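Novice: Contents of my_file_15.txt (compact mmCIF, C-alpha atoms) are below:
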```
# COMPACT_ATOMS: atom_id res chain seq x y z
CA MET A 1 27.02 -9.66 28.24
CA GLN A 2 26.85 -5.88 27.95
CA VAL A 3 23.54 -4.27 27.01
CA SER A 4 22.58 -0.64 26.34
CA LEU A 5 18.95 0.29 25.53
CA GLU A 6 17.92 3.55 23.85
CA THR A 7 14.51 4.92 22.85
CA THR A 8 14.90 6.41 19.37
CA ALA A 9 11.20 6.96 18.58
CA GLU A 10 7.84 6.46 20.25
CA LEU A 11 7.83 2.75 19.50
CA GLU A 12 11.40 2.21 18.24
CA ARG A 13 14.16 0.85 20.45
CA ARG A 14 17.90 0.49 19.86
CA LEU A 15 19.83 -2.20 21.68
CA THR A 16 23.61 -2.24 21.68
CA ILE A 17 24.75 -5.71 22.74
CA GLY A 18 28.22 -6.97 23.49
CA VAL A 19 29.17 -10.62 23.86
CA PRO A 20 32.57 -11.43 25.47
CA ALA A 21 35.26 -12.60 23.09
CA ALA A 22 36.00 -15.60 25.31
CA GLU A 23 32.47 -16.89 24.84
CA ILE A 24 32.68 -16.70 21.04
CA ASP A 25 36.26 -17.91 20.66
CA GLY A 26 35.65 -20.74 23.13
CA ALA A 27 32.62 -21.99 21.21
CA VAL A 28 34.52 -21.75 17.92
CA GLY A 29 37.43 -23.73 19.36
CA GLU A 30 35.14 -26.48 20.66
CA ARG A 31 33.47 -26.91 17.28
CA LEU A 32 36.80 -26.94 15.46
CA GLU A 33 38.07 -29.72 17.75
CA LYS A 34 34.86 -31.68 17.20
CA ALA A 35 35.18 -31.24 13.45
CA ALA A 36 38.80 -32.42 13.57
CA ARG A 37 37.62 -35.72 15.07
CA THR A 38 34.90 -36.34 12.50
CA VAL A 39 35.78 -34.57 9.25
CA ARG A 40 37.08 -36.51 6.24
CA LEU A 41 39.77 -34.86 4.10
CA ASN A 42 41.86 -36.38 1.33
CA GLY A 43 45.34 -37.24 2.58
CA PHE A 44 44.30 -37.65 6.22
CA ARG A 45 42.74 -40.46 8.19
CA GLN A 46 39.48 -39.68 9.93
CA GLY A 47 40.20 -38.24 13.37
CA ARG A 48 43.80 -37.40 12.40
CA VAL A 49 43.25 -34.10 10.57
CA PRO A 50 45.47 -31.41 12.18
CA LEU A 51 43.52 -28.64 13.93
CA ARG A 52 45.28 -25.95 11.88
CA VAL A 53 44.05 -27.58 8.66
CA VAL A 54 40.49 -27.76 9.98
CA ARG A 55 40.71 -24.13 11.07
CA GLN A 56 41.98 -23.09 7.64
CA ARG A 57 39.25 -25.00 5.78
CA PHE A 58 36.26 -24.51 8.07
CA GLY A 59 37.17 -21.79 10.55
CA ALA A 60 35.27 -18.95 8.83
CA SER A 61 32.01 -20.88 8.37
CA ILE A 62 32.11 -22.29 11.90
CA ARG A 63 32.68 -18.82 13.36
CA GLN A 64 29.80 -17.42 11.31
CA GLU A 65 27.56 -20.16 12.66
CA VAL A 66 28.62 -19.50 16.27
CA VAL A 67 28.18 -15.74 15.89
CA GLY A 68 24.68 -16.16 14.44
CA GLU A 69 23.60 -18.37 17.33
CA ALA A 70 25.19 -16.01 19.87
CA MET A 71 23.37 -13.00 18.41
CA SER A 72 20.01 -14.79 18.48
CA ARG A 73 20.51 -15.96 22.06
CA SER A 74 21.90 -12.68 23.35
CA PHE A 75 19.11 -10.61 21.76
CA TYR A 76 16.47 -12.76 23.46
CA ASP A 77 18.31 -12.51 26.79
CA ALA A 78 18.71 -8.74 26.40
CA VAL A 79 15.05 -7.94 25.68
CA THR A 80 14.02 -10.23 28.54
CA ARG A 81 16.38 -8.47 30.92
CA GLU A 82 15.30 -5.01 29.80
CA GLY A 83 11.60 -5.92 29.96
CA VAL A 84 10.72 -4.89 26.39
CA ARG A 85 8.37 -6.72 24.02
CA PRO A 86 9.53 -6.59 20.37
CA ALA A 87 6.66 -6.34 17.89
CA GLY A 88 8.72 -8.10 15.24
CA PRO A 89 12.21 -9.28 14.33
CA PRO A 90 15.00 -6.72 14.75
CA ARG A 91 17.05 -5.01 12.08
CA ILE A 92 20.69 -5.74 12.73
CA ASP A 93 23.21 -3.01 11.99
CA PRO A 94 26.71 -3.95 10.80
CA VAL A 95 28.31 -6.33 13.26
CA ARG A 96 31.77 -5.87 14.79
CA ASP A 97 33.26 -9.34 14.86
CA GLN A 98 36.98 -9.92 15.07
CA PRO A 99 38.73 -12.91 16.68
CA GLY A 100 40.00 -11.97 20.10
CA GLU A 101 37.62 -9.01 20.44
CA ASP A 102 34.16 -8.80 21.97
CA LEU A 103 31.30 -9.36 19.53
CA GLN A 104 29.21 -6.19 19.29
CA TYR A 105 26.08 -5.43 17.29
CA ILE A 106 23.11 -3.07 17.27
CA ALA A 107 19.53 -4.35 17.07
CA ILE A 108 16.79 -1.88 16.09
CA PHE A 109 13.17 -2.94 16.53
CA GLU A 110 9.71 -1.71 17.40
CA VAL A 111 7.84 -2.55 20.58
CA TYR A 112 4.15 -3.00 21.26
CA PRO A 113 2.45 0.22 22.39
CA GLN A 114 1.24 0.63 25.94
CA VAL A 115 -2.54 0.39 26.00
CA THR A 116 -4.62 1.95 28.76
CA LEU A 117 -8.08 0.54 29.05
CA ALA A 118 -10.92 3.04 29.22
CA GLU A 119 -13.59 2.96 31.90
CA LEU A 120 -16.16 0.43 30.74
CA SER A 121 -18.34 -0.03 33.82
CA ASP A 122 -21.28 1.64 32.06
CA PHE A 123 -20.60 -0.01 28.73
CA THR A 124 -23.60 -1.82 27.25
CA VAL A 125 -24.16 -3.45 23.89
CA THR A 126 -27.41 -4.96 22.71
CA ARG A 127 -26.95 -8.52 21.56
CA PRO A 128 -29.11 -9.28 18.50
CA VAL A 129 -31.29 -12.36 18.68
CA ALA A 130 -32.37 -14.40 15.67
CA GLU A 131 -33.31 -17.95 14.80
CA VAL A 132 -33.68 -20.11 11.71
CA SER A 133 -37.37 -20.39 10.91
CA ASP A 134 -39.06 -23.03 8.77
CA ALA A 135 -39.50 -20.37 6.07
CA ASP A 136 -35.75 -19.66 6.16
CA LEU A 137 -35.05 -23.38 5.86
CA ASP A 138 -37.41 -23.73 2.88
CA ALA A 139 -35.79 -20.72 1.19
CA MET A 140 -32.32 -22.21 1.66
CA ILE A 141 -33.36 -25.56 0.21
CA GLU A 142 -34.87 -23.74 -2.76
CA ARG A 143 -31.58 -21.86 -3.18
CA LEU A 144 -29.71 -25.18 -3.20
CA ARG A 145 -32.02 -26.37 -5.97
CA GLN A 146 -31.40 -23.15 -7.91
CA GLN A 147 -27.64 -23.67 -7.64
CA ARG A 148 -27.98 -27.15 -9.17
CA ALA A 149 -30.47 -26.25 -11.88
CA THR A 150 -29.95 -27.33 -15.48
CA TRP A 151 -30.92 -25.60 -18.73
CA GLU A 152 -33.14 -27.30 -21.30
CA VAL A 153 -33.82 -26.03 -24.81
CA VAL A 154 -37.44 -24.92 -25.34
CA GLU A 155 -39.33 -24.04 -28.50
CA ARG A 156 -40.99 -20.81 -27.37
CA ALA A 157 -40.30 -17.11 -27.04
CA ALA A 158 -37.67 -16.07 -24.50
CA MET A 159 -38.86 -14.94 -21.07
CA THR A 160 -37.22 -13.30 -18.08
CA GLY A 161 -35.19 -15.94 -16.27
CA ASP A 162 -34.41 -17.91 -19.44
CA GLN A 163 -30.90 -18.50 -20.71
CA VAL A 164 -30.41 -17.51 -24.34
CA SER A 165 -27.58 -17.94 -26.80
CA VAL A 166 -27.19 -14.69 -28.73
CA THR A 167 -25.00 -13.49 -31.55
CA TYR A 168 -24.87 -9.72 -31.82
CA GLN A 169 -23.04 -6.87 -33.51
CA GLY A 170 -23.04 -3.33 -32.21
CA ARG A 171 -22.57 -0.30 -34.50
CA ARG A 172 -22.02 3.31 -33.65
CA ASN A 173 -22.71 5.68 -36.52
CA GLY A 174 -22.81 2.61 -38.77
CA GLU A 175 -19.35 1.41 -37.70
CA LEU A 176 -18.53 -1.61 -35.55
CA PHE A 177 -16.92 -0.63 -32.25
CA PRO A 178 -14.50 -2.66 -30.07
CA GLY A 179 -16.18 -5.00 -27.60
CA GLY A 180 -19.57 -4.60 -29.23
CA SER A 181 -19.83 -8.02 -30.88
CA ALA A 182 -20.10 -11.62 -29.73
CA GLU A 183 -21.08 -15.00 -31.13
CA ASP A 184 -23.28 -17.52 -29.29
CA ALA A 185 -22.85 -15.67 -26.00
CA LEU A 186 -24.81 -17.12 -23.07
CA LEU A 187 -27.06 -14.62 -21.31
CA VAL A 188 -29.61 -15.08 -18.52
CA LEU A 189 -32.40 -12.59 -19.14
CA GLY A 190 -32.93 -10.39 -16.14
CA SER A 191 -29.37 -10.73 -14.86
CA GLY A 192 -28.51 -7.14 -15.77
CA ARG A 193 -25.21 -8.12 -17.41
CA MET A 194 -25.80 -6.03 -20.52
CA ILE A 195 -26.45 -2.31 -20.93
CA PRO A 196 -29.98 -1.10 -20.18
CA GLY A 197 -32.49 -2.18 -22.81
CA PHE A 198 -30.44 -5.01 -24.34
CA GLU A 199 -32.02 -7.85 -22.38
CA ASP A 200 -35.49 -6.30 -22.70
CA SER A 201 -35.01 -6.37 -26.48
CA VAL A 202 -34.33 -10.12 -26.39
CA ILE A 203 -37.46 -10.95 -24.37
CA GLY A 204 -40.09 -12.31 -26.75
CA MET A 205 -37.60 -13.49 -29.37
CA ARG A 206 -37.47 -17.09 -30.56
CA ALA A 207 -34.52 -19.17 -31.72
CA GLY A 208 -33.57 -18.10 -35.26
CA GLU A 209 -35.13 -14.64 -34.93
CA THR A 210 -33.15 -11.44 -35.55
CA ARG A 211 -33.92 -8.00 -34.16
CA THR A 212 -32.24 -4.59 -34.19
CA ALA A 213 -32.25 -2.60 -30.95
CA SER A 214 -31.34 1.09 -30.75
CA LEU A 215 -29.83 1.70 -27.33
CA ARG A 216 -27.78 4.23 -25.40
CA PHE A 217 -24.79 3.44 -23.21
CA PRO A 218 -25.12 4.74 -19.62
CA GLU A 219 -23.25 7.88 -18.59
CA ASP A 220 -21.17 5.94 -16.03
CA TYR A 221 -20.09 3.15 -18.42
CA ASN A 222 -16.58 1.91 -17.70
CA GLU A 223 -15.36 2.60 -21.24
CA GLU A 224 -15.20 6.38 -21.40
CA SER A 225 -15.46 6.59 -25.20
CA LEU A 226 -18.87 4.88 -25.12
CA ARG A 227 -20.46 6.85 -22.31
CA ASN A 228 -23.88 8.15 -23.35
CA ALA A 229 -23.22 6.88 -26.91
CA GLU A 230 -26.15 5.91 -29.15
CA VAL A 231 -25.64 2.49 -30.79
CA ASP A 232 -27.56 -0.10 -32.81
CA PHE A 233 -27.30 -3.78 -31.91
CA GLU A 234 -28.26 -6.43 -34.43
CA ILE A 235 -29.24 -9.38 -32.22
CA ARG A 236 -29.85 -12.96 -33.34
CA VAL A 237 -31.10 -15.58 -30.88
CA THR A 238 -29.74 -19.06 -31.61
CA ALA A 239 -31.26 -20.94 -28.64
CA VAL A 240 -33.67 -20.44 -25.76
CA ARG A 241 -33.25 -22.52 -22.61
CA GLU A 242 -35.48 -22.85 -19.59
CA ARG A 243 -34.18 -23.42 -16.08
CA LYS A 244 -35.08 -26.87 -14.74
CA LEU A 245 -34.86 -27.35 -11.00
CA PRO A 246 -33.89 -30.79 -9.69
CA ALA A 247 -36.56 -32.75 -7.85
CA LEU A 248 -36.22 -33.11 -4.08
CA ASP A 249 -35.63 -36.83 -4.38
CA ALA A 250 -33.09 -39.36 -3.16
CA GLU A 251 -30.70 -38.51 -6.01
CA PHE A 252 -30.69 -34.86 -4.97
CA LEU A 253 -30.13 -35.70 -1.30
CA LYS A 254 -27.13 -37.90 -2.17
CA GLN A 255 -25.29 -34.76 -3.30
CA PHE A 256 -25.34 -33.66 0.36
CA GLY A 257 -24.28 -36.95 1.89
CA ILE A 258 -27.79 -38.24 2.65
CA ASP A 259 -27.52 -41.65 1.05
CA ASP A 260 -30.68 -43.14 2.56
CA GLY A 261 -33.00 -40.48 1.07
CA ASP A 262 -34.22 -39.36 4.52
CA MET A 263 -35.75 -35.93 3.92
CA ASP A 264 -36.07 -35.17 7.65
CA ARG A 265 -32.36 -35.82 8.17
CA PHE A 266 -31.54 -33.65 5.16
CA ARG A 267 -33.59 -30.76 6.55
CA ALA A 268 -31.98 -31.22 9.97
CA GLU A 269 -28.47 -31.05 8.44
CA VAL A 270 -29.32 -27.94 6.42
CA ARG A 271 -30.81 -26.28 9.52
CA LYS A 272 -27.72 -27.14 11.56
CA ASN A 273 -25.45 -25.51 8.98
CA MET A 274 -27.69 -22.43 8.83
CA GLU A 275 -27.69 -22.12 12.63
CA ARG A 276 -23.90 -22.38 12.70
CA GLU A 277 -23.59 -19.62 10.11
CA LEU A 278 -26.16 -17.54 11.99
CA THR A 279 -24.14 -17.86 15.20
CA VAL A 280 -21.03 -16.61 13.42
CA ALA A 281 -22.97 -13.72 11.88
CA LEU A 282 -24.45 -12.68 15.25
CA ARG A 283 -21.04 -12.76 16.92
CA SER A 284 -19.65 -10.60 14.13
CA LYS A 285 -22.52 -8.13 14.56
CA VAL A 286 -21.89 -7.92 18.32
CA LYS A 287 -18.17 -7.40 17.69
CA ASN A 288 -18.90 -4.57 15.26
CA ARG A 289 -21.26 -2.93 17.75
CA VAL A 290 -18.60 -3.12 20.46
CA LEU A 291 -15.96 -1.61 18.17
CA ASN A 292 -18.31 1.17 17.06
CA GLU A 293 -19.12 2.02 20.68
CA LEU A 294 -15.44 2.08 21.62
CA LEU A 295 -14.64 4.34 18.66
CA ALA A 296 -17.47 6.66 19.63
CA ARG A 297 -15.97 7.00 23.12
CA HIS A 298 -12.43 7.57 21.88
```
With the file now loaded, output its structure as structure tokens.

Specialist:
Amino acid sequence: MQVSLETTAELERRLTIGVPAAEIDGAVGERLEKAARTVRLNGFRQGRVPLRVVRQRFGASIRQEVVGEAMSRSFYDAVTREGVRPAGPPRIDPVRDQPGEDLQYIAIFEVYPQVTLAELSDFTVTRPVAEVSDADLDAMIERLRQQRATWEVVERAAMTGDQVSVTYQGRRNGELFPGGSAEDALLVLGSGRMIPGFEDSVIGMRAGETRTASLRFPEDYNEESLRNAEVDFEIRVTAVRERKLPALDAEFLKQFGIDDGDMDRFRAEVRKNMERELTVALRSKVKNRVLNELLARH
């Protein structure tokens, strides 16, 4: 096998590889003879198909297969011999492949850069220390309850934290504008989903009540045509719902695989998960500190 290595860019290499014709033609001949013994063709008994017929029918595909395998094998052997480390698969230039002639092709690829480690004998990074406290555990359990809360209709005025169903129409200069209307939209008061002042206008309303709110779109609103625009919203509340947290009972614990209702085991499992996540977070923080220090020294 003939190999020629060129450096065409800082990380780009160009390998010209030649594989002797005898190696390719010999492998093609062996596979043709094997095919002649096993192939089935109309008009011939199995094992009696003439080699010339097999070559005519299957010669091109068999040679293509042999050449592909030879290129893969020779490229690996070449980069090993030359001591280069490709960073990815090569780009193969047009291949010169003619029966009776050496196979030749060019492989272009990038190599991994040479990295020189900096002096790190005085390198120090402070490792953060943290633990899961009982207060953290209680807060997490409360968050789990919040995630599984339900909404129940109440007959009172809407308060911050309630979920309301609202139907509204927005008008600018007395005309409806695109995107300014909705019917029975669900909105949690205090979530900040609507433009400033909208949710505040709903607080204190009861189901069946209608109110008109004069508001102004913010200057950084995503729809340019409505930025800083003065509008009037006619708002009708159709339902007020209060968040109901699930009780910390056996039914709640079953959702987390605690079938026996053991609260201590439930708290232990939650703490274990929190400690695992804390470990990952601390490792990430240390990694970021190391990277920042290395960048500062670069």

Novice: For Ala281 of chain A, which of A:Leu15, A:Val129, A:Val95, A:Met159 is the closest residue, counting all atoms listed in the file?

Specialist: A:Val129

Novice: Please measure the separation of atom CA of Pro99 of chain A and atom CA of Arg45 of chain A, giving the value in Å to one decimal.

Specialist: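 Atom CA of Arg45 of chain A lies at a distance of 29.1 Å from atom CA of Pro99 of chain A.
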
Novice: Once you count all atoms listed in the file, which residues end up no further than 10 Å from (23.7, -6.0, 31.2) in the file's frame, shown as a ChimeraX atom specification?

Specialist: /A:1-5,17-18,77-78,81-82

Novice: Export C-alpha atoms of the chosen residues as a short mmCIF file (atom, residue, chain, number, x, y, z; two decimals), in the frame of the given file?

Specialist:
```
data_model
loop_
_atom_site.label_atom_id
_atom_site.label_comp_id
_atom_site.auth_asym_id
_atom_site.auth_seq_id
_atom_site.Cartn_x
_atom_site.Cartn_y
_atom_site.Cartn_z
CA MET A 1 27.02 -9.66 28.24
CA GLN A 2 26.85 -5.88 27.95
CA VAL A 3 23.54 -4.27 27.01
CA SER A 4 22.58 -0.64 26.34
CA LEU A 5 18.95 0.29 25.53
CA ILE A 17 24.75 -5.71 22.74
CA GLY A 18 28.22 -6.97 23.49
CA ASP A 77 18.31 -12.51 26.79
CA ALA A 78 18.71 -8.74 26.40
CA ARG A 81 16.38 -8.47 30.92
CA GLU A 82 15.30 -5.01 29.80
#
```

Novice: Select, from A:Met71, A:Val132, A:Val111, A:Val240, the residue with the minimum atom-to-atom distance to Glu155 of chain A, counting all atoms listed in the file.

Specialist: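 Looking at the shortest contact to Glu155 of chain A, the residue is A:Val240.
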
Novice: List the neighbours of segment 213-219 of chain A out to 12 Å using all atoms listed in the file; skip same-chain residues closer than 6 positions along the sequence, and give me the result as number ranges by chain.

Specialist: A: 168-174, 180, 194-203, 225-236

Novice: List as a list in words the protein and nucleic acid residues near Pro86 of chain A, meaning an atom at most 9 Å away when all atoms listed in the file are counted, but skip any in the same chain fewer than 3 places from it.

Specialist: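 Returned residues: Arg13, Val79, Pro89, Pro90, Phe109, Glu110, Val111 and Tyr112 of chain A.
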
Novice: So, with only C-alpha atoms as the atoms that count, which of A:Val39, A:Ala130, A:Val237, A:Ile24 lies closest to Val280 of chain A?

Specialist: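 Counting only C-alpha atoms, the residue closest to Val280 of chain A is A:Ala130.
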
Novice: What is the atom CA of Ile108 of chain A to atom CA of Pro20 of chain A distance in Å?

Specialist: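 Distance reported for this atom pair: 20.7 Å.
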
Novice: Mind checking which residues fall within 10 Å of Pro94 of chain A, counting all atoms listed in the file, ignoring those fewer than 4 positions away in the same chain, and posting them as a list in words?

Specialist: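 With the cut-off at 10 Å, the set is Gln104, Tyr105, Ile106 and Ala107 of chain A.
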
Novice: Report the distance between atom CA of Ser61 of chain A and atom CA of Arg14 of chain A in Å, rounded to one decimal place.

Specialist: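 Taking atom CA of Ser61 of chain A and atom CA of Arg14 of chain A, their separation equals 28.1 Å.
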
Novice: Restricting the calculation to only C-alpha atoms: of A:Val125, A:Val166, A:Leu245, A:Ala135, which residue gets closest to Lys285 of chain A?

Specialist: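 Nearest candidate to Lys285 of chain A out of A:Val125, A:Val166, A:Leu245, A:Ala135: A:Val125.
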
Novice: Calculated over all atoms listed in the file, which of the candidates A:Thr7, A:Ser165, A:Ser121, A:Gln64 has the smallest distance to Val153 of chain A?

Specialist: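 Between A:Thr7, A:Ser165, A:Ser121, A:Gln64, the residue approaching Val153 of chain A most closely is A:Ser165.
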
Novice: For each of A:Glu33, A:Ala118, A:Leu248, A:Ala70, take the minimum atom-to-atom distance to Val54 of chain A, counting all atoms listed in the file, then give the residue where this is smallest.

Specialist: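 Closest to Val54 of chain A of all the choices is A:Glu33.
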